[in-house]
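**Student:** Questions regarding the structure given below will be posed in turn.
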Amino acid sequence: MYSAYIMKLTILAVTRMQERRICIAGINENGKWVRPVKDYPNHFEEVDLVDKDKLPIYKNFNIVEIDFTRKLEKPPHSEDYVINKNKEPKVIGNFPLQKRKEFLISHTENDFFADHEGEPVRKILNEANRSLVLVGPVDIRYIVIE
């Protein structure tokens, strides 16, 4: 298989689902959400999260260079891209703690919901053919300090 896309993803989600399945998502260098998936089965498993030296690859705020073969034809999520199984993903960096807030703020998509007040998030994302969005707090109603 050939390489169709090489992307640098900042990993923002590693979700453990039922049946030992793992979902991974991140934002690429163009600010777009990408979900790396395997060709078949599409989901990742625990063994896929580390490299040959057992170091974590898919860890929040890791910057990972991934070689993809294609966008998934009929994805369950519009952000799905199939990884090239012949080329290992490579961690090329990690956002330091003091820069994470700035990164997250610069990638929030609060405006995505601006014209949809009161509508369910699922409906809004579905109509936009998306499954992922990063939002920040919009309104602080009260604070409890103990």
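In the structure tokens, each chain is lettered A, B, ... as it comes, each chain's residues begin at 1, and ligands are numbered from 1 in order of appearance.
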Find the residues near segment 40-50 of chain A: any atom within 8 Å, counting only C-alpha atoms, skip ones fewer than 4 places away on the same chain, and give them as a list in words.
**Tutor:** Arg20, Arg21, Ile22, Cys23, Ile24, Lys54, Leu55, Pro56, Ile57, Tyr58, Lys59 and Val82 of chain A
**Student:** Taking all heavy atoms for each residue, export the selection above as a CSV table (one decimal), in the first residue's frame.
**Tutor:**
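Final output, again.csv:
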```
chain,number,residue,atom,x,y,z
A,20,ARG,N,-12.8,-4.1,24.8
A,20,ARG,CA,-11.4,-3.8,24.7
A,20,ARG,C,-11.0,-2.9,23.4
A,20,ARG,O,-9.9,-2.9,23.0
A,20,ARG,CB,-10.5,-5.1,24.7
A,20,ARG,CG,-10.7,-5.9,26.0
A,20,ARG,CD,-10.1,-7.2,25.9
A,20,ARG,NE,-8.7,-7.2,25.5
A,20,ARG,CZ,-7.7,-7.5,26.3
A,20,ARG,NH1,-8.0,-8.0,27.5
A,20,ARG,NH2,-6.5,-7.4,25.9
A,21,ARG,N,-12.0,-2.3,22.9
A,21,ARG,CA,-11.8,-1.4,21.7
A,21,ARG,C,-11.3,0.0,22.2
A,21,ARG,O,-11.7,0.4,23.3
A,21,ARG,CB,-13.1,-1.2,20.9
A,21,ARG,CG,-13.5,-2.5,20.3
A,21,ARG,CD,-14.8,-2.3,19.6
A,21,ARG,NE,-15.2,-3.6,19.0
A,21,ARG,CZ,-16.1,-3.7,18.1
A,21,ARG,NH1,-16.7,-2.6,17.6
A,21,ARG,NH2,-16.4,-4.9,17.6
A,22,ILE,N,-10.5,0.6,21.4
A,22,ILE,CA,-10.0,1.9,21.8
A,22,ILE,C,-10.2,2.9,20.6
A,22,ILE,O,-9.9,2.5,19.4
A,22,ILE,CB,-8.5,1.9,22.2
A,22,ILE,CG1,-8.4,1.0,23.4
A,22,ILE,CG2,-7.9,3.3,22.4
A,22,ILE,CD1,-7.0,0.7,23.8
A,23,CYS,N,-10.7,4.1,20.9
A,23,CYS,CA,-10.9,5.1,19.9
A,23,CYS,C,-9.9,6.2,20.1
A,23,CYS,O,-9.7,6.6,21.3
A,23,CYS,CB,-12.3,5.6,20.0
A,23,CYS,SG,-12.7,7.0,18.9
A,24,ILE,N,-9.3,6.7,19.0
A,24,ILE,CA,-8.2,7.7,19.1
A,24,ILE,C,-8.7,8.9,18.2
A,24,ILE,O,-9.2,8.7,17.1
A,24,ILE,CB,-6.9,7.2,18.7
A,24,ILE,CG1,-6.4,6.1,19.6
A,24,ILE,CG2,-5.8,8.3,18.6
A,24,ILE,CD1,-5.3,5.2,19.1
A,54,LYS,N,7.6,-0.4,23.8
A,54,LYS,CA,6.6,-0.2,24.8
A,54,LYS,C,6.4,1.2,25.3
A,54,LYS,O,5.9,1.4,26.4
A,54,LYS,CB,6.8,-1.2,26.0
A,54,LYS,CG,7.0,-2.7,25.6
A,54,LYS,CD,5.7,-3.2,25.1
A,54,LYS,CE,5.8,-4.7,24.9
A,54,LYS,NZ,5.0,-5.2,23.8
A,55,LEU,N,6.8,2.2,24.5
A,55,LEU,CA,6.6,3.6,24.8
A,55,LEU,C,5.3,4.0,24.3
A,55,LEU,O,4.9,3.6,23.2
A,55,LEU,CB,7.8,4.4,24.3
A,55,LEU,CG,9.2,4.1,24.9
A,55,LEU,CD1,10.2,4.9,24.1
A,55,LEU,CD2,9.2,4.4,26.4
A,56,PRO,N,4.6,4.9,25.0
A,56,PRO,CA,3.2,5.3,24.5
A,56,PRO,C,3.3,6.1,23.3
A,56,PRO,O,4.1,7.0,23.2
A,56,PRO,CB,2.7,6.1,25.7
A,56,PRO,CG,3.8,6.5,26.5
A,56,PRO,CD,4.9,5.5,26.3
A,57,ILE,N,2.5,5.8,22.3
A,57,ILE,CA,2.3,6.6,21.1
A,57,ILE,C,1.2,7.5,21.2
A,57,ILE,O,1.3,8.7,21.1
A,57,ILE,CB,2.1,5.7,19.8
A,57,ILE,CG1,3.3,4.7,19.7
A,57,ILE,CG2,1.9,6.5,18.6
A,57,ILE,CD1,3.1,3.6,18.6
A,58,TYR,N,0.0,6.9,21.4
A,58,TYR,CA,-1.3,7.6,21.4
A,58,TYR,C,-1.6,8.0,22.9
A,58,TYR,O,-2.2,7.3,23.6
A,58,TYR,CB,-2.4,6.8,20.8
A,58,TYR,CG,-2.1,6.4,19.4
A,58,TYR,CD1,-1.7,5.1,19.0
A,58,TYR,CD2,-2.2,7.4,18.4
A,58,TYR,CE1,-1.5,4.8,17.7
A,58,TYR,CE2,-2.0,7.0,17.0
A,58,TYR,CZ,-1.6,5.7,16.7
A,58,TYR,OH,-1.3,5.4,15.4
A,59,LYS,N,-1.1,9.1,23.2
A,59,LYS,CA,-1.2,9.7,24.6
A,59,LYS,C,-1.6,11.1,24.4
A,59,LYS,O,-1.1,11.8,23.5
A,59,LYS,CB,0.1,9.5,25.3
A,59,LYS,CG,0.1,10.0,26.8
A,59,LYS,CD,1.4,9.7,27.4
A,59,LYS,CE,1.9,10.9,28.2
A,59,LYS,NZ,3.2,10.7,28.7
A,82,VAL,N,-7.6,5.7,7.4
A,82,VAL,CA,-7.0,4.4,7.6
A,82,VAL,C,-5.5,4.5,7.7
A,82,VAL,O,-4.9,5.1,6.8
A,82,VAL,CB,-7.4,3.4,6.5
A,82,VAL,CG1,-6.7,2.1,6.7
A,82,VAL,CG2,-8.9,3.3,6.5
```
**Student:** Would you pick out the contacts of Arg130 of chain A at 10 Å or less, using only C-alpha atoms, so that residues sharing its chain but fewer than 2 positions from it are not included, and give the list as a list in words?
**Tutor:**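 Selected residues are Trp33, Pro76, His77, Ser78, Glu79, Arg122, Ile124, Leu125, Asn126, Glu127, Ala128, Leu132 and Val133 of chain A.
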**Student:** Residues as selected, N, CA, C and O atoms, written as an mmCIF file, in the first residue's frame, can you do that?
**Tutor:**
```
data_model
loop_
_atom_site.group_PDB
_atom_site.id
_atom_site.type_symbol
_atom_site.label_atom_id
_atom_site.label_comp_id
_atom_site.auth_asym_id
_atom_site.auth_seq_id
_atom_site.Cartn_x
_atom_site.Cartn_y
_atom_site.Cartn_z
ATOM 1 N N TRP A 33 -10.084 17.731 12.707
ATOM 2 C CA TRP A 33 -10.146 16.506 13.498
ATOM 3 C C TRP A 33 -9.875 15.298 12.617
ATOM 4 O O TRP A 33 -10.361 15.217 11.488
ATOM 5 N N PRO A 76 -18.070 5.300 10.017
ATOM 6 C CA PRO A 76 -19.070 5.637 11.017
ATOM 7 C C PRO A 76 -18.888 7.085 11.475
ATOM 8 O O PRO A 76 -19.793 7.696 11.996
ATOM 9 N N HIS A 77 -17.701 7.633 11.244
ATOM 10 C CA HIS A 77 -17.389 9.020 11.594
ATOM 11 C C HIS A 77 -16.712 9.670 10.388
ATOM 12 O O HIS A 77 -15.862 9.060 9.755
ATOM 13 N N SER A 78 -17.050 10.895 10.091
ATOM 14 C CA SER A 78 -16.501 11.565 8.910
ATOM 15 C C SER A 78 -15.003 11.847 9.022
ATOM 16 O O SER A 78 -14.353 12.121 8.021
ATOM 17 N N GLU A 79 -14.452 11.754 10.214
ATOM 18 C CA GLU A 79 -13.034 12.079 10.433
ATOM 19 C C GLU A 79 -12.109 10.868 10.313
ATOM 20 O O GLU A 79 -10.921 10.987 10.562
ATOM 21 N N ARG A 122 -25.786 16.417 19.472
ATOM 22 C CA ARG A 122 -25.770 15.281 18.537
ATOM 23 C C ARG A 122 -26.403 15.666 17.198
ATOM 24 O O ARG A 122 -25.893 15.334 16.140
ATOM 25 N N ILE A 124 -26.723 18.708 15.892
ATOM 26 C CA ILE A 124 -25.878 19.698 15.210
ATOM 27 C C ILE A 124 -24.702 19.020 14.515
ATOM 28 O O ILE A 124 -24.408 19.287 13.349
ATOM 29 N N LEU A 125 -24.028 18.125 15.241
ATOM 30 C CA LEU A 125 -22.882 17.414 14.656
ATOM 31 C C LEU A 125 -23.321 16.522 13.507
ATOM 32 O O LEU A 125 -22.654 16.449 12.473
ATOM 33 N N ASN A 126 -24.435 15.835 13.673
ATOM 34 C CA ASN A 126 -24.935 14.944 12.636
ATOM 35 C C ASN A 126 -25.236 15.717 11.351
ATOM 36 O O ASN A 126 -24.880 15.281 10.254
ATOM 37 N N GLU A 127 -25.876 16.861 11.476
ATOM 38 C CA GLU A 127 -26.195 17.677 10.303
ATOM 39 C C GLU A 127 -24.935 18.194 9.613
ATOM 40 O O GLU A 127 -24.930 18.411 8.405
ATOM 41 N N ALA A 128 -23.869 18.382 10.360
ATOM 42 C CA ALA A 128 -22.600 18.852 9.801
ATOM 43 C C ALA A 128 -21.709 17.688 9.364
ATOM 44 O O ALA A 128 -20.578 17.908 8.935
ATOM 45 N N LEU A 132 -16.822 14.991 16.040
ATOM 46 C CA LEU A 132 -15.917 15.567 17.027
ATOM 47 C C LEU A 132 -15.944 17.087 16.974
ATOM 48 O O LEU A 132 -16.052 17.682 15.901
ATOM 49 N N VAL A 133 -15.820 17.692 18.132
ATOM 50 C CA VAL A 133 -15.737 19.145 18.229
ATOM 51 C C VAL A 133 -15.070 19.476 19.566
ATOM 52 O O VAL A 133 -15.192 18.726 20.531
#
```
**Student:** Rounded to one decimal in Å, what is the spacing between atom CA of Phe68 of chain A and atom CA of Val91 of chain A?
**Tutor:** 15.1 Å
**Student:** In Å, how far is it from atom CA of Leu9 of chain A to atom CA of Pro89 of chain A?
**Tutor:**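 Separating atom CA of Leu9 of chain A from atom CA of Pro89 of chain A is a distance of 10.3 Å.
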**Student:** Near Phe103 of chain A, within 12 Å and counting only C-alpha atoms, which residues show up once chain neighbours fewer than 4 positions away are dropped, as a list in words?
**Tutor:** Thr10, Ile11, Leu12, Ile27, Glu29, Gly31, Phe61, Asn94, Phe95, Pro96, Leu97, Gln98, Lys99, His107, Thr108, Leu134 and Gly136 of chain A
**Student:** Using DSSP assignments from the backbone, pull out every residue in chain A that falls under strand (DSSP E or B) and give it to me as a ChimeraX atom specification.
**Tutor:** /A:5-16,22-28,33-37,44,50,56,62-71,80-83,90-94
